[in-house]
$ cat upload_11.cif   # mmCIF, C-alpha atoms
data_run
#
loop_
_atom_site.group_PDB
_atom_site.id
_atom_site.type_symbol
_atom_site.label_atom_id
_atom_site.label_comp_id
_atom_site.auth_asym_id
_atom_site.auth_seq_id
_atom_site.Cartn_x
_atom_site.Cartn_y
_atom_site.Cartn_z
ATOM 1 C CA MET A 19 5.750 -10.677 12.903
ATOM 2 C CA ALA A 20 9.495 -10.420 12.920
ATOM 3 C CA ALA A 21 10.865 -7.069 11.769
ATOM 4 C CA ALA A 22 13.644 -8.369 9.583
ATOM 5 C CA ALA A 23 14.869 -6.666 6.429
ATOM 6 C CA VAL A 24 13.271 -8.072 3.320
ATOM 7 C CA THR A 25 15.689 -9.953 1.096
ATOM 8 C CA VAL A 26 15.182 -12.379 -1.734
ATOM 9 C CA LEU A 27 17.981 -14.897 -1.881
ATOM 10 C CA ALA A 28 18.228 -17.661 -4.443
ATOM 11 C CA ALA A 29 19.519 -20.984 -3.246
ATOM 12 C CA GLY A 30 22.459 -22.672 -4.989
ATOM 13 C CA PRO A 31 22.065 -23.455 -8.705
ATOM 14 C CA ALA A 32 20.280 -26.638 -9.616
ATOM 15 C CA GLY A 33 22.522 -29.427 -10.794
ATOM 16 C CA ALA A 34 22.738 -29.937 -14.530
ATOM 17 C CA ALA A 35 21.058 -33.025 -15.938
ATOM 18 C CA GLY A 36 23.403 -35.804 -17.060
ATOM 19 C CA ALA A 37 23.883 -36.619 -20.724
ATOM 20 C CA ALA A 38 22.097 -39.940 -20.279
ATOM 21 C CA GLY A 39 18.527 -40.352 -19.063
ATOM 22 C CA PRO A 40 15.293 -38.502 -19.903
ATOM 23 C CA ALA A 41 15.211 -34.707 -19.965
ATOM 24 C CA HIS A 42 13.404 -33.128 -17.040
ATOM 25 C CA ARG A 43 12.534 -29.688 -15.682
ATOM 26 C CA PRO A 44 14.484 -28.889 -12.488
ATOM 27 C CA ALA A 45 12.467 -27.862 -9.442
ATOM 28 C CA PRO A 46 12.528 -24.105 -8.754
ATOM 29 C CA PRO A 47 15.117 -23.102 -6.157
ATOM 30 C CA ALA A 48 14.019 -22.404 -2.612
ATOM 31 C CA ARG A 49 13.916 -18.723 -1.650
ATOM 32 C CA THR A 50 13.720 -16.668 1.517
ATOM 33 C CA VAL A 51 11.528 -13.582 1.919
ATOM 34 C CA GLY A 52 11.488 -11.790 5.243
ATOM 35 C CA TYR A 53 11.116 -14.414 7.921
ATOM 36 C CA PHE A 54 9.829 -17.385 5.910
ATOM 37 C CA SER A 55 10.996 -19.682 3.128
ATOM 38 C CA TYR A 56 8.991 -20.880 0.156
ATOM 39 C CA THR A 57 9.313 -22.704 -3.131
ATOM 40 C CA PRO A 58 7.950 -20.461 -5.887
ATOM 41 C CA SER A 59 5.320 -21.827 -8.212
ATOM 42 C CA ALA A 60 4.025 -20.272 -11.403
ATOM 43 C CA ALA A 61 0.313 -21.086 -11.500
ATOM 44 C CA ALA A 62 -0.995 -19.840 -14.833
ATOM 45 C CA GLY A 63 -4.411 -19.048 -13.358
ATOM 46 C CA THR A 64 -3.257 -17.152 -10.271
ATOM 47 C CA VAL A 65 -3.918 -13.427 -9.810
ATOM 48 C CA ARG A 66 -2.629 -11.117 -7.072
ATOM 49 C CA PHE A 67 -4.220 -7.728 -6.521
ATOM 50 C CA PHE A 68 -5.700 -5.178 -4.080
ATOM 51 C CA ALA A 69 -9.440 -4.587 -3.769
ATOM 52 C CA GLU A 70 -11.910 -2.724 -1.560
ATOM 53 C CA ARG A 71 -13.603 -5.983 -0.513
ATOM 54 C CA PRO A 72 -12.270 -9.502 0.114
ATOM 55 C CA LEU A 73 -13.319 -12.489 -1.965
ATOM 56 C CA ALA A 74 -15.898 -14.789 -0.387
ATOM 57 C CA GLU A 75 -14.538 -18.024 1.042
ATOM 58 C CA GLY A 76 -15.745 -21.411 -0.156
ATOM 59 C CA VAL A 77 -17.384 -20.132 -3.338
ATOM 60 C CA SER A 78 -16.186 -19.002 -6.750
ATOM 61 C CA THR A 79 -16.276 -15.322 -7.679
ATOM 62 C CA ARG A 80 -16.915 -14.646 -11.342
ATOM 63 C CA LEU A 81 -13.926 -13.317 -13.235
ATOM 64 C CA SER A 82 -15.825 -10.240 -14.416
ATOM 65 C CA ALA A 83 -16.174 -9.103 -10.781
ATOM 66 C CA LEU A 84 -12.394 -8.713 -10.435
ATOM 67 C CA PRO A 85 -10.745 -5.337 -11.154
ATOM 68 C CA ASP A 86 -9.173 -4.963 -14.588
ATOM 69 C CA TRP A 87 -5.601 -4.978 -13.222
ATOM 70 C CA ALA A 88 -6.336 -8.419 -11.735
ATOM 71 C CA ARG A 89 -7.891 -9.870 -14.903
ATOM 72 C CA SER A 90 -4.983 -8.598 -17.002
ATOM 73 C CA GLN A 91 -2.641 -10.970 -15.131
ATOM 74 C CA LEU A 92 -4.285 -14.031 -16.669
ATOM 75 C CA PRO A 93 -2.948 -15.620 -19.877
ATOM 76 C CA GLY A 94 -4.445 -14.157 -23.022
ATOM 77 C CA ARG A 95 -5.629 -10.969 -21.326
ATOM 78 C CA SER A 96 -4.426 -7.556 -22.453
ATOM 79 C CA ALA A 97 -2.480 -5.448 -19.988
ATOM 80 C CA ALA A 98 -4.563 -3.029 -17.944
ATOM 81 C CA THR A 99 -3.982 0.679 -18.369
ATOM 82 C CA PRO A 100 -2.462 1.891 -15.079
ATOM 83 C CA ARG A 101 -4.427 4.499 -13.161
ATOM 84 C CA THR A 102 -2.178 7.497 -12.752
ATOM 85 C CA GLY A 103 -3.319 9.751 -9.919
ATOM 86 C CA THR A 104 -1.582 12.852 -8.636
ATOM 87 C CA PRO A 105 1.187 12.614 -7.721
ATOM 88 C CA HIS A 106 2.509 9.220 -8.792
ATOM 89 C CA GLY A 107 -0.747 7.264 -8.386
ATOM 90 C CA TYR A 108 -1.412 7.890 -4.671
ATOM 91 C CA LYS A 109 -5.144 7.899 -3.894
ATOM 92 C CA LEU A 110 -7.347 8.547 -0.886
ATOM 93 C CA ARG A 111 -8.660 5.078 -0.018
ATOM 94 C CA ARG A 112 -12.030 6.251 1.272
ATOM 95 C CA GLY A 113 -12.125 6.069 5.094
ATOM 96 C CA ASN A 114 -13.129 8.963 7.328
ATOM 97 C CA ARG A 115 -11.885 12.090 9.086
ATOM 98 C CA SER A 116 -13.146 11.400 12.602
ATOM 99 C CA THR A 117 -11.760 14.570 14.242
ATOM 100 C CA ASP A 118 -9.775 17.658 13.269
ATOM 101 C CA TYR A 119 -6.648 15.583 13.879
ATOM 102 C CA VAL A 120 -7.371 11.958 12.879
ATOM 103 C CA TYR A 121 -8.040 10.320 9.512
ATOM 104 C CA ARG A 122 -8.161 6.557 8.937
ATOM 105 C CA SER A 123 -8.342 4.988 5.527
ATOM 106 C CA ALA A 124 -10.808 2.263 4.691
ATOM 107 C CA ASP A 125 -9.520 -1.297 4.838
ATOM 108 C CA VAL A 126 -8.026 -2.582 1.599
ATOM 109 C CA TYR A 127 -7.470 -6.272 0.854
ATOM 110 C CA ALA A 128 -4.394 -7.814 -0.740
ATOM 111 C CA ILE A 129 -5.751 -10.893 -2.512
ATOM 112 C CA GLU A 130 -4.124 -13.935 -4.065
ATOM 113 C CA ALA A 131 -6.655 -16.072 -5.944
ATOM 114 C CA GLU A 132 -6.683 -19.046 -8.300
ATOM 115 C CA CYS A 133 -8.931 -18.592 -11.308
ATOM 116 C CA GLY A 134 -10.422 -21.093 -13.720
ATOM 117 C CA SER A 135 -13.407 -21.428 -16.027
ATOM 118 C CA GLY A 136 -15.720 -21.534 -12.995
ATOM 119 C CA GLY A 137 -14.404 -18.337 -11.423
ATOM 120 C CA CYS A 138 -11.813 -17.398 -8.798
ATOM 121 C CA ARG A 139 -11.254 -18.685 -5.271
ATOM 122 C CA PRO A 140 -9.040 -16.973 -2.683
ATOM 123 C CA VAL A 141 -5.726 -18.554 -1.667
ATOM 124 C CA GLN A 142 -4.628 -15.883 0.811
ATOM 125 C CA GLN A 143 -6.018 -12.485 1.803
ATOM 126 C CA VAL A 144 -4.394 -9.755 3.924
ATOM 127 C CA LYS A 145 -6.192 -6.658 5.263
ATOM 128 C CA VAL A 146 -4.244 -3.365 5.253
ATOM 129 C CA ALA A 147 -4.957 0.287 6.109
ATOM 130 C CA ILE A 148 -3.283 3.456 7.404
ATOM 131 C CA LYS A 149 -4.123 6.082 10.035
ATOM 132 C CA GLU A 150 -2.954 9.699 9.960
ATOM 133 C CA TYR A 151 -2.753 11.766 13.156
ATOM 134 C CA VAL A 152 -1.576 15.382 13.241
ATOM 135 C CA ARG A 153 -0.354 16.638 16.591
ATOM 136 C CA GLY A 154 -1.934 20.090 16.335
ATOM 137 C CA ARG A 155 -1.033 23.513 17.721
ATOM 138 C CA THR A 156 2.391 24.645 16.480
ATOM 139 C CA SER A 157 3.629 21.121 15.693
ATOM 140 C CA LYS A 158 4.561 20.388 12.089
ATOM 141 C CA LYS A 159 4.624 16.623 12.538
ATOM 142 C CA TRP A 160 2.205 13.830 11.823
ATOM 143 C CA GLU A 161 2.104 10.221 12.962
ATOM 144 C CA ILE A 162 1.314 7.491 10.432
ATOM 145 C CA THR A 163 0.183 4.069 11.681
ATOM 146 C CA PHE A 164 0.310 0.968 9.471
ATOM 147 C CA TYR A 165 -2.167 -1.878 9.767
ATOM 148 C CA GLY A 166 -1.717 -5.335 8.253
ATOM 149 C CA SER A 167 -3.408 -8.552 9.383
ATOM 150 C CA ARG A 168 -4.474 -11.942 8.049
ATOM 151 C CA TRP A 169 -7.978 -12.084 6.626
ATOM 152 C CA SER A 170 -7.974 -15.630 5.248
ATOM 153 C CA GLY A 171 -5.571 -18.337 4.143
ATOM 154 C CA SER A 172 -2.015 -18.645 5.415
ATOM 155 C CA THR A 173 -0.932 -16.631 8.437
ATOM 156 C CA ARG A 174 2.455 -16.048 6.790
ATOM 157 C CA PHE A 175 2.918 -12.758 4.957
ATOM 158 C CA HIS A 176 5.367 -9.882 4.956
ATOM 159 C CA LEU A 177 4.590 -6.147 5.010
ATOM 160 C CA ASP A 178 6.862 -3.318 3.858
ATOM 161 C CA TYR A 179 6.267 0.400 3.400
ATOM 162 C CA THR A 180 7.581 3.375 1.498
ATOM 163 C CA TYR A 181 6.820 6.934 2.633
ATOM 164 C CA ASP A 182 6.855 10.363 1.076
ATOM 165 C CA CYS A 183 5.079 13.664 1.574
ATOM 166 C CA GLY A 184 2.972 15.575 -0.944
ATOM 167 C CA VAL A 185 2.242 19.270 -1.459
ATOM 168 C CA ASN A 186 -1.250 20.104 -2.755
ATOM 169 C CA ILE A 187 -0.743 22.986 -5.183
ATOM 170 C CA ALA A 188 -3.940 24.654 -6.434
ATOM 171 C CA HIS A 189 -4.434 24.698 -10.232
ATOM 172 C CA ALA A 190 -1.102 22.925 -10.801
ATOM 173 C CA PRO A 191 0.386 19.421 -10.525
ATOM 174 C CA ASP A 192 1.095 18.384 -6.948
ATOM 175 C CA SER A 193 4.699 18.112 -5.826
ATOM 176 C CA THR A 194 6.544 16.187 -3.107
ATOM 177 C CA CYS A 195 7.768 17.807 0.096
ATOM 178 C CA SER A 196 11.368 16.791 -0.513
ATOM 179 C CA THR A 197 11.506 18.364 -3.985
ATOM 180 C CA TRP A 198 9.274 21.399 -3.446
ATOM 181 C CA ARG A 199 11.251 23.403 -0.876
ATOM 182 C CA ARG A 200 13.836 22.958 1.879
ATOM 183 C CA ASP A 201 11.784 23.670 4.999
ATOM 184 C CA GLY A 202 12.487 20.681 7.243
ATOM 185 C CA ALA A 203 10.087 18.268 5.559
ATOM 186 C CA GLN A 204 11.229 14.659 5.733
ATOM 187 C CA GLY A 205 11.009 13.074 2.311
ATOM 188 C CA HIS A 206 11.298 9.540 1.010
ATOM 189 C CA GLY A 207 11.757 6.670 3.475
ATOM 190 C CA SER A 208 11.112 2.927 3.556
ATOM 191 C CA GLY A 209 11.324 -0.122 5.792
ATOM 192 C CA VAL A 210 9.649 -3.218 7.182
ATOM 193 C CA ALA A 211 6.178 -2.650 8.637
ATOM 194 C CA VAL A 212 4.228 -4.561 11.275
ATOM 195 C CA ASP A 213 0.615 -4.276 12.367
ATOM 196 C CA GLY A 214 0.179 -1.187 14.548
ATOM 197 C CA GLN A 215 3.606 0.250 13.789
ATOM 198 C CA ARG A 216 3.822 4.053 13.887
ATOM 199 C CA ILE A 217 6.243 6.452 12.222
ATOM 200 C CA VAL A 218 6.566 10.174 13.009
ATOM 201 C CA LYS A 219 7.554 12.599 10.244
ATOM 202 C CA ASN A 220 8.039 16.355 9.917
ATOM 203 C CA PHE A 221 6.044 17.723 6.970
ATOM 204 C CA GLY A 222 7.742 21.137 6.784
ATOM 205 C CA SER A 223 7.533 24.528 8.443
ATOM 206 C CA THR A 224 6.197 26.660 5.572
ATOM 207 C CA ALA A 225 2.875 28.140 6.682
ATOM 208 C CA VAL A 226 -0.384 28.105 4.697
ATOM 209 C CA VAL A 227 0.757 25.279 2.407
ATOM 210 C CA THR A 228 -1.405 22.148 2.231
ATOM 211 C CA ARG A 229 0.481 18.866 2.753
ATOM 212 C CA PHE A 230 -0.521 15.197 2.754
ATOM 213 C CA PRO A 231 1.285 11.923 3.515
ATOM 214 C CA MET A 232 1.944 9.356 0.763
ATOM 215 C CA VAL A 233 2.354 5.730 1.886
ATOM 216 C CA LYS A 234 2.742 2.577 -0.187
ATOM 217 C CA LEU A 235 2.150 -0.754 1.553
ATOM 218 C CA LEU A 236 3.696 -3.813 -0.097
ATOM 219 C CA VAL A 237 2.271 -7.218 0.796
ATOM 220 C CA THR A 238 4.351 -10.351 0.139
ATOM 221 C CA PHE A 239 2.247 -13.508 0.278
ATOM 222 C CA ALA A 240 3.329 -16.850 1.744
ATOM 223 C CA ASP A 241 4.554 -18.057 -1.658
ATOM 224 C CA GLY A 242 6.798 -14.994 -2.095
ATOM 225 C CA SER A 243 4.627 -13.186 -4.653
ATOM 226 C CA ARG A 244 3.334 -9.631 -4.217
ATOM 227 C CA ALA A 245 -0.086 -8.045 -4.652
ATOM 228 C CA ILE A 246 -0.393 -5.578 -7.556
ATOM 229 C CA GLY A 247 -1.940 -2.143 -7.060
ATOM 230 C CA ASP A 248 -4.256 -0.203 -9.375
ATOM 231 C CA ASP A 249 -1.273 1.525 -10.998
ATOM 232 C CA GLY A 250 -0.014 -1.816 -12.322
ATOM 233 C CA ALA A 251 2.932 -2.059 -9.891
ATOM 234 C CA ALA A 252 3.466 -3.993 -6.654
ATOM 235 C CA GLY A 253 1.926 -2.373 -3.574
ATOM 236 C CA GLU A 254 -1.103 -0.218 -2.773
ATOM 237 C CA LYS A 255 -0.613 3.565 -2.686
ATOM 238 C CA PHE A 256 -2.436 5.462 0.076
ATOM 239 C CA ARG A 257 -2.863 9.241 -0.039
ATOM 240 C CA GLY A 258 -3.488 10.802 3.341
ATOM 241 C CA TRP A 259 -5.899 13.630 4.202
ATOM 242 C CA ASP A 260 -4.796 17.206 3.455
ATOM 243 C CA VAL A 261 -3.307 19.078 6.418
ATOM 244 C CA CYS A 262 -3.867 22.835 6.814
ATOM 245 C CA ALA A 263 -1.225 24.596 8.901
ATOM 246 C CA THR A 264 -0.477 28.155 9.916
ATOM 247 C CA ARG A 265 2.347 29.249 12.178
ATOM 248 C CA THR A 266 0.235 28.584 15.277
ATOM 249 C CA THR A 267 -2.267 25.876 14.331
ATOM 250 C CA THR A 268 -2.151 22.493 12.593
ATOM 251 C CA LYS A 269 -5.320 20.579 11.683
ATOM 252 C CA LEU A 270 -6.756 18.323 9.040
ATOM 253 C CA CYS A 271 -8.430 20.440 6.380
ATOM 254 C CA HIS A 272 -12.230 20.350 6.172
ATOM 255 C CA ARG A 273 -11.884 19.099 2.586
ATOM 256 C CA THR A 274 -9.151 17.101 0.898
ATOM 257 C CA GLY A 275 -7.890 16.160 -2.515
ATOM 258 C CA ASP A 276 -8.283 12.489 -3.361
ATOM 259 C CA GLY A 277 -5.533 11.934 -5.921
ATOM 260 C CA SER A 278 -7.872 11.659 -8.892
#

$ encode --input "upload_11.cif" --output "structure tokens"
Amino acid sequence: MAAAAVTVLAAGPAGAAGAAGPAHRPAPPARTVGYFSYTPSAAAGTVRFFAERPLAEGVSTRLSALPDWARSQLPGRSAATPRTGTPHGYKLRRGNRSTDYVYRSADVYAIEAECGSGGCRPVQQVKVAIKEYVRGRTSKKWEITFYGSRWSGSTRFHLDYTYDCGVNIAHAPDSTCSTWRRDGAQGHGSGVAVDGQRIVKNFGSTAVVTRFPMVKLLVTFADGSRAIGDDGAAGEKFRGWDVCATRTTTKLCHRTGDGS
């Protein structure tokens, strides 16, 4: 996948219809997203969302089996109430802490599906996840790996990320590293992501303060639309595992907050 900056560029304006002749609806302008072009279409029965499991291929999935933020995208449906975790809707997406230094989220699926009276069928599905690795000893850095691959449908999709760092404060709302204290923590960042890409960030030098990474993965489908997360906005928000650090040791904590 090419690592080009994501831009959305409208083509030149459509020509105006002449005074004579029947009225008609002009075709939507071509657009470019990342490395591919598409002609946007507004299918009234199309939903785009993230889920823990992909939709089955070749069969219809009943509408009631979709999450509420997917059903709310259909005409006549009321808007879903966004889930607001702490902070800013970032949640631990299951997964497992395999060692004192490595946590990997469960796979999450960005799904575009067409829905009708008989149910919903997938158009395109993309599998995404993150891995968190803390370097240990006196290091105050972690490495975050992004994963994004085709599950079904078109091979064309685009992946972007945003990054921040959270501070788990007991008996109080969590904060972000960049706003909590100036101690070397690297705050907000963003960019294009590719499968297997790794970023390295400093989470701050203050000892005995629990930190966790916050990553949002944005999936742009082949038609230029984006999957909607459980907070009602584009992208899925991943909360990493809590990291416990002293001046001489850095490890994943035995327990972690989950963002709920």

$ atom_distance --input "upload_11.cif" --atom1 "CA of Arg71 in chain A" --atom2 "CA of Tyr127 in chain A"
6.3 Å

$ closest_residue --input "upload_11.cif" --among "A:Asp241, A:Lys269, A:Leu110, A:Ile246" --to "Arg89 in chain A" --atoms "all atoms listed in the file"
A:Ile246

$ closest_residue --input "upload_11.cif" --among "A:Phe239, A:Phe230, A:Phe175, A:Phe221" --to "Gly275 in chain A" --atoms "only C-alpha atoms"
A:Phe230

$ resolve_selection --input "upload_11.cif" --expression "the PyMOL selection byres ((chain A and resi 199) around 12)" --output "PyMOL selection string"
chain A and resi 183-185+193-198+200-205+221-224+227

$ write_last_selection --input "upload_11.cif" --atoms "C-alpha atoms" --output "PDB file, in the frame of the given file"
ATOM      1  CA  CYS A 183       5.079  13.664   1.574  1.00  0.00           C
ATOM      2  CA  GLY A 184       2.972  15.575  -0.944  1.00  0.00           C
ATOM      3  CA  VAL A 185       2.242  19.270  -1.459  1.00  0.00           C
ATOM      4  CA  SER A 193       4.699  18.112  -5.826  1.00  0.00           C
ATOM      5  CA  THR A 194       6.544  16.187  -3.107  1.00  0.00           C
ATOM      6  CA  CYS A 195       7.768  17.807   0.096  1.00  0.00           C
ATOM      7  CA  SER A 196      11.368  16.791  -0.513  1.00  0.00           C
ATOM      8  CA  THR A 197      11.506  18.364  -3.985  1.00  0.00           C
ATOM      9  CA  TRP A 198       9.274  21.399  -3.446  1.00  0.00           C
ATOM     10  CA  ARG A 200      13.836  22.958   1.879  1.00  0.00           C
ATOM     11  CA  ASP A 201      11.784  23.670   4.999  1.00  0.00           C
ATOM     12  CA  GLY A 202      12.487  20.681   7.243  1.00  0.00           C
ATOM     13  CA  ALA A 203      10.087  18.268   5.559  1.00  0.00           C
ATOM     14  CA  GLN A 204      11.229  14.659   5.733  1.00  0.00           C
ATOM     15  CA  GLY A 205      11.009  13.074   2.311  1.00  0.00           C
ATOM     16  CA  PHE A 221       6.044  17.723   6.970  1.00  0.00           C
ATOM     17  CA  GLY A 222       7.742  21.137   6.784  1.00  0.00           C
ATOM     18  CA  SER A 223       7.533  24.528   8.443  1.00  0.00           C
ATOM     19  CA  THR A 224       6.197  26.660   5.572  1.00  0.00           C
ATOM     20  CA  VAL A 227       0.757  25.279   2.407  1.00  0.00           C
TER      21      VAL A 227
END

$ atom_distance --input "upload_11.cif" --atom1 "CA of Thr117 in chain A" --atom2 "CA of Val210 in chain A"
28.7 Å

$ atom_distance --input "upload_11.cif" --atom1 "CA of Tyr121 in chain A" --atom2 "CA of Thr274 in chain A"
11.0 Å

$ closest_atom_pairs --input "upload_11.cif" --of "range 166-261 of chain A" --to "range 143-148 of chain A" --cutoff "6 Å" --atoms "all atoms listed in the file" --output "CSV"
residue,atom,partner,partner_atom,distance
A:Gly166,CA,A:Val146,CA,4.4
A:Ser167,CA,A:Lys145,CA,5.3
A:Arg168,CA,A:Val144,CA,4.7
A:Trp169,CA,A:Val144,CA,5.1
A:Ser170,CA,A:Gln143,CA,5.1

$ residues_around --input "upload_11.cif" --residues "Ser82 in chain A" --least-positions-apart "5" --cutoff "12 Å" --atoms "only C-alpha atoms" --output "list in words"
Trp87, Ala88, Arg89, Ser90, Cys133, Ser135, Gly136, Gly137 and Cys138 of chain A

$ axis_aligned_box --input "upload_11.cif" --around "range 109-124 of chain A" --padding-each-side "3 Å" --output "AutoDock Vina command-line options"
--center_x -9.1 --center_y 10.0 --center_z 5.2 --size_x 14.0 --size_y 21.4 --size_z 24.1

$ resolve_selection --input "upload_11.cif" --expression "the PyMOL selection byres ((chain A and resi 141) around 9)" --output "list in words"
Ile129, Glu130, Ala131, Glu132, Arg139, Pro140, Gln142, Gln143, Ser170, Gly171 and Ser172 of chain A

$ residues_around --input "upload_11.cif" --residues "range 213-216 of chain A" --least-positions-apart "3" --cutoff "6 Å" --atoms "only C-alpha atoms" --output "mmCIF file with C-alpha atoms, in the coordinates of the input"
data_model
loop_
_atom_site.group_PDB
_atom_site.id
_atom_site.type_symbol
_atom_site.label_atom_id
_atom_site.label_comp_id
_atom_site.auth_asym_id
_atom_site.auth_seq_id
_atom_site.Cartn_x
_atom_site.Cartn_y
_atom_site.Cartn_z
ATOM 1 C CA ILE A 162 1.314 7.491 10.432
ATOM 2 C CA THR A 163 0.183 4.069 11.681
ATOM 3 C CA PHE A 164 0.310 0.968 9.471
ATOM 4 C CA TYR A 165 -2.167 -1.878 9.767
ATOM 5 C CA GLY A 166 -1.717 -5.335 8.253
#
